[in-house]
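*Asks:* Structure file coords13.cif (mmCIF, C-alpha atoms (C1' of nucleotides)) is given on the next line.
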```cif
data_work
#
loop_
_atom_site.label_atom_id
_atom_site.label_comp_id
_atom_site.auth_asym_id
_atom_site.auth_seq_id
_atom_site.Cartn_x
_atom_site.Cartn_y
_atom_site.Cartn_z
CA MET A 787 3.84 -6.92 7.22
CA ALA A 788 3.83 -3.70 5.47
CA ARG A 789 2.68 -1.71 3.55
CA GLN A 790 1.93 -1.49 2.78
CA THR A 791 1.30 -1.35 3.46
CA ILE A 792 -0.26 -1.44 1.76
CA ALA A 793 0.89 0.87 1.78
CA GLU A 794 -0.31 1.24 3.35
CA THR A 795 -3.51 1.58 3.45
CA GLY A 796 -5.26 4.06 1.32
CA GLU A 797 -8.91 3.41 1.15
CA ALA A 798 -11.97 4.91 -0.35
CA LEU A 799 -13.91 7.58 1.30
CA THR A 800 -17.55 6.87 1.70
CA GLY A 801 -18.17 4.34 4.35
CA HIS A 802 -20.72 5.05 7.00
CA GLN A 803 -20.59 1.86 8.92
CA THR A 804 -24.29 1.43 8.46
CA THR A 805 -24.01 1.02 4.69
CA GLN A 806 -22.04 -1.59 2.81
CA PRO A 807 -18.38 -0.63 2.47
CA ASP A 808 -17.33 0.35 -1.01
CA LEU A 809 -15.13 -1.53 -3.43
CA GLY A 810 -11.96 0.25 -2.33
CA VAL A 811 -12.42 -0.39 1.36
CA LEU A 812 -13.20 -4.04 0.72
CA ALA A 813 -10.19 -4.48 -1.53
CA ALA A 814 -7.99 -2.94 1.12
CA ARG A 815 -9.32 -5.25 3.80
CA VAL A 816 -8.88 -8.34 1.69
CA LEU A 817 -5.38 -7.35 0.64
CA LEU A 818 -4.17 -6.58 4.13
CA SER A 819 -5.59 -9.69 5.73
CA VAL A 820 -4.44 -11.97 2.93
CA GLN A 821 -0.96 -10.50 3.19
CA ARG A 822 -0.93 -11.01 6.91
CA GLU A 823 -2.00 -14.63 6.71
CA LEU A 824 0.25 -15.49 3.79
CA PHE A 825 3.43 -14.09 5.26
CA THR A 826 2.70 -15.48 8.68
CA ALA A 827 2.29 -18.93 7.15
CA LEU A 828 5.40 -18.51 5.03
CA ALA A 829 7.38 -17.53 8.10
CA GLU A 830 6.19 -20.66 9.89
CA GLN A 831 7.42 -22.74 6.98
CA GLY A 832 10.89 -21.29 7.23
CA PHE A 833 10.58 -18.35 4.85
CA ASP A 834 10.88 -15.85 7.65
CA ASP A 835 13.32 -13.50 5.99
CA ILE A 836 10.98 -11.95 3.44
CA ALA A 837 8.63 -9.01 3.99
CA PRO A 838 5.28 -8.42 2.29
CA ARG A 839 6.77 -5.72 0.13
CA ALA A 840 8.94 -8.38 -1.54
CA GLY A 841 5.67 -9.87 -2.75
CA ALA A 842 5.68 -7.29 -5.52
CA VAL A 843 8.54 -9.27 -7.05
CA LEU A 844 7.83 -12.77 -5.79
CA ALA A 845 4.24 -12.73 -7.01
CA HIS A 846 5.39 -12.28 -10.56
CA LEU A 847 8.34 -14.65 -10.64
CA ARG A 848 8.42 -17.35 -13.27
CA THR A 849 10.73 -20.27 -13.66
CA GLU A 850 11.87 -18.95 -17.03
CA GLY A 851 12.67 -15.59 -15.50
CA ILE A 852 11.10 -12.19 -15.95
CA ARG A 853 12.42 -8.74 -16.66
CA ALA A 854 12.60 -6.12 -13.95
CA SER A 855 10.66 -3.60 -15.97
CA GLU A 856 7.87 -6.08 -16.55
CA VAL A 857 7.64 -6.68 -12.81
CA ALA A 858 7.51 -2.92 -12.37
CA ARG A 859 4.59 -2.64 -14.76
CA LEU A 860 2.70 -5.58 -13.31
CA SER A 861 3.12 -4.50 -9.73
CA GLY A 862 2.66 -0.78 -10.29
CA GLN A 863 5.94 -0.01 -8.58
CA HIS A 864 8.84 2.04 -9.84
CA LYS A 865 11.85 0.40 -11.43
CA GLN A 866 14.07 1.57 -8.60
CA VAL A 867 11.92 -0.13 -6.02
CA ILE A 868 11.98 -3.37 -7.96
CA GLY A 869 15.72 -3.06 -8.30
CA SER A 870 16.27 -2.77 -4.58
CA LEU A 871 13.82 -5.58 -3.87
CA VAL A 872 15.72 -7.80 -6.29
CA ASP A 873 18.96 -6.81 -4.59
CA ASP A 874 17.56 -7.96 -1.26
CA LEU A 875 16.08 -11.17 -2.66
CA GLU A 876 19.34 -11.91 -4.40
CA HIS A 877 21.30 -11.55 -1.17
CA LEU A 878 18.76 -13.75 0.58
CA GLY A 879 19.20 -16.39 -2.09
CA TYR A 880 15.71 -16.34 -3.58
CA VAL A 881 16.54 -15.05 -7.05
CA GLU A 882 19.46 -14.43 -9.33
CA ARG A 883 19.98 -12.07 -12.23
CA ARG A 884 20.91 -13.63 -15.53
CA PRO A 885 21.53 -11.76 -18.76
CA ASP A 886 18.61 -11.94 -21.16
CA PRO A 887 19.79 -13.75 -24.30
CA ALA A 888 17.23 -11.89 -26.36
CA ASP A 889 18.18 -8.39 -25.28
CA ARG A 890 21.57 -7.42 -23.96
CA ARG A 891 20.15 -4.44 -22.11
CA ALA A 892 17.89 -6.59 -20.00
CA LYS A 893 18.50 -9.01 -17.19
CA LEU A 894 16.18 -11.83 -16.31
CA ILE A 895 15.18 -12.27 -12.71
CA CYS A 896 15.19 -16.04 -12.16
CA PRO A 897 14.18 -17.90 -9.01
CA THR A 898 16.86 -20.03 -7.37
CA GLU A 899 16.05 -23.40 -5.88
CA ARG A 900 15.02 -21.70 -2.70
CA GLY A 901 12.95 -19.27 -4.70
CA LEU A 902 11.15 -22.13 -6.36
CA LEU A 903 10.42 -23.71 -3.00
CA GLN A 904 9.03 -20.42 -1.80
CA MET A 905 6.86 -20.07 -4.90
CA GLN A 906 5.43 -23.51 -4.30
CA ALA A 907 4.82 -22.81 -0.63
CA ALA A 908 3.09 -19.53 -1.39
CA ALA A 909 0.95 -21.11 -4.09
CA SER A 910 -0.04 -23.85 -1.71
CA ILE A 911 -0.97 -21.40 1.05
CA MET A 912 -3.01 -19.26 -1.30
CA ARG A 913 -4.76 -22.35 -2.61
CA ALA A 914 -5.67 -23.32 0.94
CA ILE A 915 -6.98 -19.83 1.67
CA GLU A 916 -9.14 -19.80 -1.41
CA GLU A 917 -10.41 -23.30 -0.79
CA ARG A 918 -11.43 -22.23 2.69
CA HIS A 919 -13.50 -19.40 1.25
CA ALA A 920 -14.89 -21.69 -1.42
CA ALA A 921 -16.02 -24.10 1.26
CA VAL A 922 -18.04 -21.34 2.93
CA LEU A 923 -19.45 -19.65 -0.15
CA GLY A 924 -19.87 -22.80 -2.19
CA THR A 925 -17.47 -23.93 -4.87
CA ALA A 926 -19.50 -22.65 -7.79
CA GLU A 927 -20.21 -19.34 -6.09
CA TYR A 928 -16.58 -18.82 -5.24
CA ALA A 929 -15.54 -19.59 -8.79
CA ALA A 930 -18.04 -17.03 -10.05
CA PHE A 931 -16.76 -14.53 -7.52
CA LYS A 932 -13.18 -15.08 -8.60
CA THR A 933 -14.06 -14.65 -12.24
CA ALA A 934 -15.92 -11.45 -11.47
CA LEU A 935 -13.02 -10.15 -9.41
CA ASN A 936 -10.68 -10.81 -12.30
CA ARG A 937 -12.96 -8.91 -14.61
CA VAL A 938 -13.36 -6.00 -12.21
CA ALA A 939 -9.60 -5.82 -11.74
CA GLU A 940 -9.13 -5.65 -15.50
CA LEU A 941 -11.79 -3.03 -16.00
CA GLN A 942 -10.56 -0.96 -13.13
CA GLN A 943 -6.97 -1.08 -14.28
CA GLN A 944 -7.98 0.24 -17.67
CA ALA A 945 -9.85 3.10 -16.03
CA GLY A 946 -7.00 3.78 -13.64
CA HIS A 947 -4.65 3.89 -16.56
CA ASP A 948 -6.75 6.50 -18.29
CA SER A 949 -7.10 8.70 -15.28
CA ARG A 950 -3.40 8.50 -14.63
CA THR A 951 -2.89 9.88 -18.11
CA VAL A 952 -5.12 12.83 -17.33
CA MET B 1467 -3.18 4.02 -3.41
CA ALA B 1468 -0.39 4.46 -2.45
CA ARG B 1469 0.94 4.38 -1.85
CA GLN B 1470 1.20 3.37 -1.16
CA THR B 1471 1.09 1.52 -1.29
CA ILE B 1472 -0.09 0.64 -1.02
CA ALA B 1473 2.29 -0.15 -0.09
CA GLU B 1474 3.22 -1.04 -1.23
CA THR B 1475 2.10 -3.22 -2.47
CA GLY B 1476 2.67 -6.62 -0.98
CA GLU B 1477 1.08 -9.28 -2.99
CA ALA B 1478 0.84 -13.00 -3.05
CA LEU B 1479 3.40 -15.14 -4.58
CA THR B 1480 2.12 -17.65 -7.04
CA GLY B 1481 1.30 -16.04 -10.28
CA HIS B 1482 2.46 -17.63 -13.45
CA GLN B 1483 0.80 -15.39 -15.94
CA THR B 1484 -0.68 -18.39 -17.62
CA THR B 1485 -2.81 -19.23 -14.60
CA GLN B 1486 -5.39 -17.00 -12.95
CA PRO B 1487 -3.83 -14.54 -10.50
CA ASP B 1488 -4.55 -15.31 -6.87
CA LEU B 1489 -6.81 -13.45 -4.48
CA GLY B 1490 -4.02 -11.29 -3.09
CA VAL B 1491 -2.77 -10.10 -6.45
CA LEU B 1492 -6.28 -9.31 -7.59
CA ALA B 1493 -7.08 -7.41 -4.42
CA ALA B 1494 -3.91 -5.39 -4.83
CA ARG B 1495 -4.74 -4.51 -8.41
CA VAL B 1496 -8.27 -3.46 -7.58
CA LEU B 1497 -7.16 -1.41 -4.62
CA LEU B 1498 -4.43 0.42 -6.47
CA SER B 1499 -6.50 1.23 -9.52
CA VAL B 1500 -9.56 2.27 -7.52
CA GLN B 1501 -7.40 4.55 -5.41
CA ARG B 1502 -5.87 6.08 -8.47
CA GLU B 1503 -9.18 6.77 -10.14
CA LEU B 1504 -10.86 8.02 -6.98
CA PHE B 1505 -8.20 10.52 -6.06
CA THR B 1506 -7.76 11.68 -9.62
CA ALA B 1507 -11.49 12.36 -9.83
CA LEU B 1508 -11.51 14.07 -6.46
CA ALA B 1509 -8.65 16.30 -7.55
CA GLU B 1510 -10.59 17.28 -10.65
CA GLN B 1511 -13.52 18.28 -8.47
CA GLY B 1512 -11.37 20.62 -6.43
CA PHE B 1513 -10.24 18.26 -3.71
CA ASP B 1514 -6.69 18.32 -4.91
CA ASP B 1515 -5.00 18.76 -1.57
CA ILE B 1516 -5.59 15.29 -0.14
CA ALA B 1517 -3.46 12.19 -0.70
CA PRO B 1518 -4.62 8.58 -0.80
CA ARG B 1519 -3.15 7.97 2.62
CA ALA B 1520 -5.68 10.40 4.08
CA GLY B 1521 -8.30 7.90 2.97
CA ALA B 1522 -7.59 5.93 6.12
CA VAL B 1523 -9.31 8.72 8.02
CA LEU B 1524 -11.73 10.04 5.42
CA ALA B 1525 -13.17 6.60 4.70
CA HIS B 1526 -14.33 6.27 8.28
CA LEU B 1527 -15.61 9.79 8.92
CA ARG B 1528 -19.15 10.21 10.15
CA THR B 1529 -21.19 13.33 10.52
CA GLU B 1530 -21.56 12.68 14.25
CA GLY B 1531 -17.79 12.39 14.60
CA ILE B 1532 -15.57 9.44 15.43
CA ARG B 1533 -12.73 8.88 17.83
CA ALA B 1534 -9.16 8.69 16.63
CA SER B 1535 -8.57 5.34 18.25
CA GLU B 1536 -11.61 3.89 16.52
CA VAL B 1537 -10.29 5.08 13.18
CA ALA B 1538 -6.99 3.46 14.07
CA ARG B 1539 -8.69 0.15 14.71
CA LEU B 1540 -10.87 0.28 11.59
CA SER B 1541 -8.06 1.27 9.29
CA GLY B 1542 -5.39 -0.90 10.85
CA GLN B 1543 -3.09 2.05 11.29
CA HIS B 1544 -1.33 3.20 14.43
CA LYS B 1545 -2.72 5.98 16.54
CA GLN B 1546 0.22 8.21 15.73
CA VAL B 1547 -0.40 7.91 12.02
CA ILE B 1548 -4.04 8.79 12.49
CA GLY B 1549 -3.03 11.72 14.65
CA SER B 1550 -0.78 13.20 12.00
CA LEU B 1551 -3.36 12.58 9.29
CA VAL B 1552 -5.95 14.41 11.36
CA ASP B 1553 -3.47 17.23 11.88
CA ASP B 1554 -3.12 17.59 8.14
CA LEU B 1555 -6.83 17.30 7.43
CA GLU B 1556 -7.54 19.86 10.13
CA HIS B 1557 -5.14 22.36 8.62
CA LEU B 1558 -6.68 21.74 5.23
CA GLY B 1559 -10.12 22.41 6.64
CA TYR B 1560 -11.66 18.97 6.17
CA VAL B 1561 -12.15 18.01 9.79
CA GLU B 1562 -12.08 19.54 13.23
CA ARG B 1563 -11.45 18.08 16.64
CA ARG B 1564 -14.18 18.53 19.18
CA PRO B 1565 -14.06 17.33 22.76
CA ASP B 1566 -16.08 14.19 23.30
CA PRO B 1567 -18.86 15.05 25.75
CA ALA B 1568 -18.92 11.44 26.92
CA ASP B 1569 -15.21 11.17 27.73
CA ARG B 1570 -12.99 14.11 28.44
CA ARG B 1571 -9.89 12.21 27.39
CA ALA B 1572 -11.21 11.70 23.91
CA LYS B 1573 -11.70 14.05 21.01
CA LEU B 1574 -14.20 13.51 18.24
CA ILE B 1575 -13.02 13.93 14.69
CA CYS B 1576 -15.87 15.71 12.93
CA PRO B 1577 -16.08 16.67 9.25
CA THR B 1578 -16.37 20.36 8.48
CA GLU B 1579 -18.61 21.60 5.71
CA ARG B 1580 -15.83 21.00 3.26
CA GLY B 1581 -15.31 17.56 4.73
CA LEU B 1582 -18.96 16.77 4.19
CA LEU B 1583 -18.74 17.92 0.58
CA GLN B 1584 -15.72 15.70 0.11
CA MET B 1585 -17.52 12.72 1.61
CA GLN B 1586 -20.40 13.23 -0.77
CA ALA B 1587 -18.09 13.63 -3.75
CA ALA B 1588 -16.19 10.47 -2.87
CA ALA B 1589 -19.38 8.50 -2.37
CA SER B 1590 -20.65 9.69 -5.71
CA ILE B 1591 -17.45 8.76 -7.52
CA MET B 1592 -17.36 5.31 -5.96
CA ARG B 1593 -21.00 4.82 -6.89
CA ALA B 1594 -20.19 5.72 -10.49
CA ILE B 1595 -17.25 3.32 -10.55
CA GLU B 1596 -19.32 0.47 -9.24
CA GLU B 1597 -22.19 1.22 -11.59
CA ARG B 1598 -19.76 1.09 -14.48
CA HIS B 1599 -18.65 -2.39 -13.43
CA ALA B 1600 -22.26 -3.43 -12.87
CA ALA B 1601 -23.11 -2.35 -16.39
CA VAL B 1602 -20.47 -4.68 -17.79
CA LEU B 1603 -21.00 -7.67 -15.53
CA GLY B 1604 -24.73 -7.27 -15.22
CA THR B 1605 -26.47 -5.72 -12.27
CA ALA B 1606 -27.40 -8.98 -10.60
CA GLU B 1607 -23.97 -10.47 -11.15
CA TYR B 1608 -22.25 -7.42 -9.76
CA ALA B 1609 -24.48 -7.44 -6.69
CA ALA B 1610 -23.61 -11.09 -6.12
CA PHE B 1611 -19.95 -10.29 -6.58
CA LYS B 1612 -20.10 -7.46 -4.07
CA THR B 1613 -21.85 -9.63 -1.54
CA ALA B 1614 -19.27 -12.36 -2.00
CA LEU B 1615 -16.44 -9.84 -1.67
CA ASN B 1616 -17.92 -8.61 1.58
CA ARG B 1617 -18.10 -12.15 2.88
CA VAL B 1618 -14.56 -12.97 1.79
CA ALA B 1619 -13.28 -9.79 3.43
CA GLU B 1620 -14.98 -10.79 6.68
CA LEU B 1621 -13.70 -14.34 6.59
CA GLN B 1622 -10.22 -13.27 5.69
CA GLN B 1623 -10.06 -10.66 8.39
CA GLN B 1624 -10.96 -13.26 10.98
CA ALA B 1625 -8.21 -15.52 9.70
CA GLY B 1626 -5.75 -12.67 9.51
CA HIS B 1627 -6.60 -11.77 13.06
CA ASP B 1628 -5.82 -15.27 14.22
CA SER B 1629 -2.53 -15.49 12.41
CA ARG B 1630 -1.51 -12.14 13.78
CA THR B 1631 -2.01 -13.58 17.23
CA VAL B 1632 0.30 -16.45 16.42
"C1'" DC C 1190 -7.80 7.32 47.41
"C1'" DA C 1191 -4.25 4.31 44.92
"C1'" DA C 1192 -3.61 1.37 40.93
"C1'" DA C 1193 -4.46 -0.02 36.41
"C1'" DT C 1194 -6.41 1.35 31.68
"C1'" DT C 1195 -7.35 4.15 27.98
"C1'" DA C 1196 -7.14 8.47 24.76
"C1'" DG C 1197 -4.13 11.23 22.62
"C1'" DT C 1198 0.39 13.51 21.78
"C1'" DC C 1199 5.56 14.24 21.38
"C1'" DA C 1200 9.95 13.15 19.71
"C1'" DC C 1201 12.96 10.15 17.46
"C1'" DC C 1202 14.45 6.52 14.17
"C1'" DA C 1203 13.93 3.29 10.34
"C1'" DA C 1204 11.89 2.09 6.20
"C1'" DT C 1205 9.87 3.50 1.95
"C1'" DC C 1206 8.73 6.12 -2.09
"C1'" DT C 1207 9.81 9.51 -5.60
"C1'" DT C 1208 12.72 12.09 -8.73
"C1'" DG C 1209 16.41 13.09 -11.80
"C1'" DA C 1210 20.39 11.95 -14.05
"C1'" DC C 1211 23.44 8.51 -16.39
"C1'" DT C 1212 25.29 4.22 -19.08
"C1'" DG C 1213 24.44 0.74 -22.43
"C1'" DT C 1214 21.53 -1.32 -25.98
"C1'" DC C 1215 17.92 -1.62 -29.34
"C1'" DA C 1216 14.74 0.02 -33.17
"C1'" DC C 1217 13.82 3.00 -36.78
"C1'" DG C 1218 14.12 6.12 -40.54
"C1'" DT C 1219 17.27 8.13 -43.80
"C1'" DA D 710 25.90 2.44 -42.20
"C1'" DC D 711 24.44 6.23 -39.10
"C1'" DG D 712 22.00 9.40 -36.21
"C1'" DT D 713 17.91 9.93 -33.44
"C1'" DG D 714 14.85 8.54 -30.10
"C1'" DA D 715 13.20 5.09 -26.99
"C1'" DC D 716 13.99 1.52 -23.52
"C1'" DA D 717 16.45 -1.52 -19.64
"C1'" DG D 718 18.66 -1.02 -15.60
"C1'" DT D 719 21.38 1.44 -11.98
"C1'" DC D 720 23.11 5.26 -8.89
"C1'" DA D 721 22.32 8.79 -5.75
"C1'" DA D 722 19.70 12.22 -3.07
"C1'" DG D 723 15.44 14.18 -1.04
"C1'" DA D 724 11.05 13.88 0.79
"C1'" DT D 725 7.35 11.24 2.70
"C1'" DT D 726 5.84 7.72 5.59
"C1'" DG D 727 5.76 4.27 9.00
"C1'" DG D 728 7.01 2.28 13.67
"C1'" DT D 729 8.52 2.59 18.73
"C1'" DG D 730 8.73 4.21 23.42
"C1'" DA D 731 7.86 7.53 26.70
"C1'" DC D 732 4.64 10.99 28.58
"C1'" DT D 733 0.24 13.65 30.19
"C1'" DA D 734 -4.50 13.67 31.21
"C1'" DA D 735 -8.75 11.42 32.27
"C1'" DT D 736 -11.48 7.35 33.38
"C1'" DT D 737 -12.33 3.11 35.66
"C1'" DT D 738 -11.47 -0.35 39.25
"C1'" DG D 739 -11.24 -1.92 43.96
#
```
Show how you would write the structure in this file as C-alpha cells.
*Replies:*
Amino acid sequence: MARQTIAETGEALTGHQTTQPDLGVLAARVLLSVQRELFTALAEQGFDDIAPRAGAVLAHLRTEGIRASEVARLSGQHKQVIGSLVDDLEHLGYVERRPDPADRRAKLICPTERGLLQMQAAASIMRAIEERHAAVLGTAEYAAFKTALNRVAELQQQAGHDSRTV
Amino acid sequence: MARQTIAETGEALTGHQTTQPDLGVLAARVLLSVQRELFTALAEQGFDDIAPRAGAVLAHLRTEGIRASEVARLSGQHKQVIGSLVDDLEHLGYVERRPDPADRRAKLICPTERGLLQMQAAASIMRAIEERHAAVLGTAEYAAFKTALNRVAELQQQAGHDSRTV
DNA sequence: CAAATTAGTCACCAATCTTGACTGTCACGT
DNA sequence: ACGTGACAGTCAAGATTGGTGACTAATTTG
C-alpha cells in the first residue's frame, strides 16, 4: 500500500513519546493501518489488482455514477490524478465512463459489475473493522466516537480550506 | 499532507454520500486538513522551508536525540527516506547528527535551536487546533473522543501489523 | 576470531504529484 | 442571439518522492 502513502505520511510535529500523540499523528496512524488491513483483505477476496491510491476514486463511487471533478474535490486530489486513476480502473474493469446526460462536458464514472462487487466487499470489510473496535470500546462509545470524528473532520476541513486560501 | 499524500491519499471504499463515511475516509480527511493547516501556520511563523513530508521526522524528534532507524519504525517509512529527510533538515538547520555514545554505528538526530523552536511552534499550533475542536464539541466530549481515537489507533495498528504479516 | 546482525549510506529505478496549456460546453449579462 | 468568463476533462512535461539492492562500518554471538 501506498501512499500514501499516505502519502505518505506527513504527520504533525509535537510528539514526545511520553505525552499523548496529537490529532495529526493519530489520524495518520489510523489511516495507514486501516488502509493496510482493507487492501490486504480485498486482495484475499480476489481484488488483488488495485492499490490503496485507487481508494481515492473507489471510496467515492456511487451506483448512479459520479463526476471526476467531484471525486477530485472530495478526495483532495488533482483532476489529473483522478483521470489517470480512472484510466487504470477502467482498464481493470472496475468502472466505465458514461456521458453525463445533464451536462455534455462531463462524464460520469460508473462502477461496473465488478466495481459493485468490490464496493460491497470493501463496505463489508470496513463494517467488520468498525464492529471490532465497537466491541472493544462499547457500542455506544464507538458510536459517539464516530460522530465526534465526523464533526472534527468537518470542522477541520473548513479550517484547512481557509488556510489554503491564505 | 501530502502529500501526500498523503498520499495520497488511499481511502476506504464504501461511501455513498447518503451514509456516514467510514473510518478510513474520515481519517484521511482529518489528516489532510490538519496537515494543511499546520504547515500553513508554520510557514506564517517563519518556518516556511519545511514540507509536510518532513513531519515524519519532526514529529518524532526529542531533545535528547533519536536514532534514524527508530524514526523509520515509528513513522512507517524506510530508512532511506528518513536519511534523505534528515539530510534536508540538516541543511536547513533544524537538526544535526551527533554520534551515539552508546553505539558507534548509530547517529543521534538532535534538534538544533531552530529545531526546538519549530517543535514548540508546532506543538502550540496543534494545541490551538485541538482546543478549537474542544470548544465546539465540549471539553469533556473532546477528551473522550481523543481517548477513543488513541485506542482505535492502537487496535488498528495491531490488526494492520497482523495483516501485513499475512 | 569468524559469523551473523544492525545502523546508516549510496546509487538507481519506478511511481507519484504538480503545473501549464488546450478543447469543448455551459451560464450569464448585454 | 452573442461574447465573455467559468467549468469539465484531457494531454504532456517536469519535478518530487518512494522503493530496492548492494555496500561499509560497528556490534553482538558463539
*Asks:* Counting only C-alpha atoms (C1' of nucleotides), what is within 9 Å of stretch 721-732 of chain D, bar same-chain residues fewer than 3 positions away, as a ChimeraX atom specification?
*Replies:* /A:788-789,794 /B:1544,1547 /C:1198-1199,1201-1208
*Asks:* Selection in question (the file shown): the PyMOL selection byres ((chain B and resi 1561-1563) around 12). Which residues does it include, as JSON, numbers by chain?
*Replies:* {"B": [1520, 1523, 1524, 1527, 1528, 1529, 1530, 1531, 1532, 1533, 1534, 1549, 1551, 1552, 1553, 1554, 1555, 1556, 1557, 1558, 1559, 1560, 1564, 1565, 1566, 1572, 1573, 1574, 1575, 1576, 1577, 1578, 1579, 1580, 1581, 1582, 1583, 1584, 1585], "C": [1197]}
*Asks:* Could you tell me which of B:Val1500, B:Val1491, B:Ala1522, B:Ala1609 comes closest to B:Ile1548 if we count only C-alpha atoms?
*Replies:* B:Ala1522
*Asks:* The PyMOL selection byres ((chain D and resi 710) around 12) on the file shown: which residues, as a PyMOL selection string?
*Replies:* (chain C and resi 1219) or (chain D and resi 711-712)
*Asks:* Pick out the closest residue to chain C from this set: A:Lys865, A:Arg913, A:Arg815, A:Arg918. Count all atoms listed in the file.
*Replies:* A:Lys865
*Asks:* Residues of chain A that have any atom at most 8 Å from an atom of chain C: could you tabulate them with the shortest-distance atom pair and the distance in Å to one decimal, using all atoms listed in the file, ordered by chain and increasing number, as a Markdown table?
*Replies:*
```
| residue | atom | partner | partner_atom | distance |
| --- | --- | --- | --- | --- |
| A:Asp889 | CA | C:DT1214 | C1' | 7.9 |
| A:Arg890 | CA | C:DT1214 | C1' | 6.4 |
| A:Arg891 | CA | C:DT1214 | C1' | 5.2 |
```
*Asks:* Grab the atom CA of B:Pro1487 to atom CA of B:Gln1543 distance for me, in Å with one decimal place.
*Replies:* 27.4 Å
*Asks:* Which distance in Å separates atom CA of A:Glu916 and atom CA of A:Gln942, to one decimal?
*Replies:* 22.2 Å
*Asks:* Since I can't run it myself right now, could you work out what the PyMOL selection byres ((chain D) within 10 of (chain A)) selects here and report it as a list of chain:residue names?
*Replies:*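 Evaluating the PyMOL selection byres ((chain D) within 10 of (chain A)) on these coordinates yields D:DC716, D:DA717, D:DG718, D:DT719, D:DC720, D:DT726, D:DG727.
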*Asks:* I'd like the interatomic distance between atom CA of B:Ala1601 and atom CA of B:Asp1514, to a tenth of an Å.
*Replies:*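 Between atom CA of B:Ala1601 and atom CA of B:Asp1514 the gap works out to 28.8 Å.
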*Asks:* Please enclose the listed atoms of stretch 834-845 of chain A in an axis-aligned box, pad each side by 4 Å, and write out the centre and the three edge lengths in Å, rounded to one decimal, as JSON.
*Replies:*
```
{"center_x": 8.8, "center_y": -10.8, "center_z": 0.3, "size_x": 17.1, "size_y": 18.1, "size_z": 22.7}
```
*Asks:* Which one is closest to chain A: B:Ala1568, B:Ala1507, B:Ala1525, B:Ala1610? Count only C-alpha atoms.
*Replies:* B:Ala1525
